[in-house]
Every structure is written in C-alpha cells, then in structure tokens.
Amino acid sequence: MRLLRIASAAELLSLAVLLTNLFTVHAKVITTFGGPLHGISYVTVIAAASLAPSTGLRGTMWRAFVPGVGGLLALRHLRAQRAERTGHGSV
C-alpha cells in the first residue's frame, strides 16, 4: 500500500504540474520531464493496485486505470474493504 500511496501522489502532482504548465507558460523543459514522470507513475499505480491484497481486485483495478486520480480512488477502495473486513464501519 505504501507504493500505491507514493505513486498516486506522484501521479496527481505530475498531472497538476503538466496541466498548469499547459495553461500558463508552456515551458518545454517541464513537459519533457513531467510527461515521462506522469507516465511512469500512472503505470506504477496500476501495477501497485494489481499487487495490493484485496478481495475485490476488479474494483480496485478499474479505479486504478482512471488517469490522475485513479490511485487515490484505488486507495479509498482498499481502505473501505479493510474497514468492512475488520468491522470498523465506513471510512
């Protein structure tokens, strides 16, 4: 879960930087480094979500495929599943 948290934060942050750059100065250096960083973090989110211990893997995986916020959605889904299993109610 730690990898998923880190990768989802990197994915969201890199997307925010890329979109801010797109709508403001459009600096090529930001696009050159931010694009691959966002792509790698997106793929890492998908891989980490597939490796996460989960009873409903399909739900977690489909959430991970959403660009930008998929990692956060997958984390929320995993936490909700964990709360259901342990009987701690909703998140």
# chains A, B, ... in the order shown; residues from 1 in each chain; ligands from 1
$ residues_around --residues "Ala9 (chain A)" --least-positions-apart "4" --cutoff "12 Å" --atoms "only C-alpha atoms" --output "list in words"
Arg2, Leu3, Leu4, Arg5, Leu13, Ser14, Leu15, Ala16, Leu37, His38, Ser41, Tyr42, Thr44, Val45, Gly68, Val69, Gly70, Gly71, Leu72, Leu73 and Leu75 of chain A
$ residues_around --residues "Thr60 (chain A)" --least-positions-apart "5" --cutoff "12 Å" --atoms "only C-alpha atoms" --output "list in words"
Leu4, Val45, Ile46, Ala47, Ala48, Ala49, Ser50, Leu51, Ala52, Pro53, Ser54, Thr55, Phe65, Val66, Gly70, Gly71, Leu72, Leu73, Ala74, Leu75, Arg76, His77, Leu78, Arg79, Ala80 and Gln81 of chain A
$ select_by_dssp --residues "chain A" --states "helix (DSSP H, G or I)" --output "ChimeraX atom specification"
/A:2-23,28-51,57-64,70-86
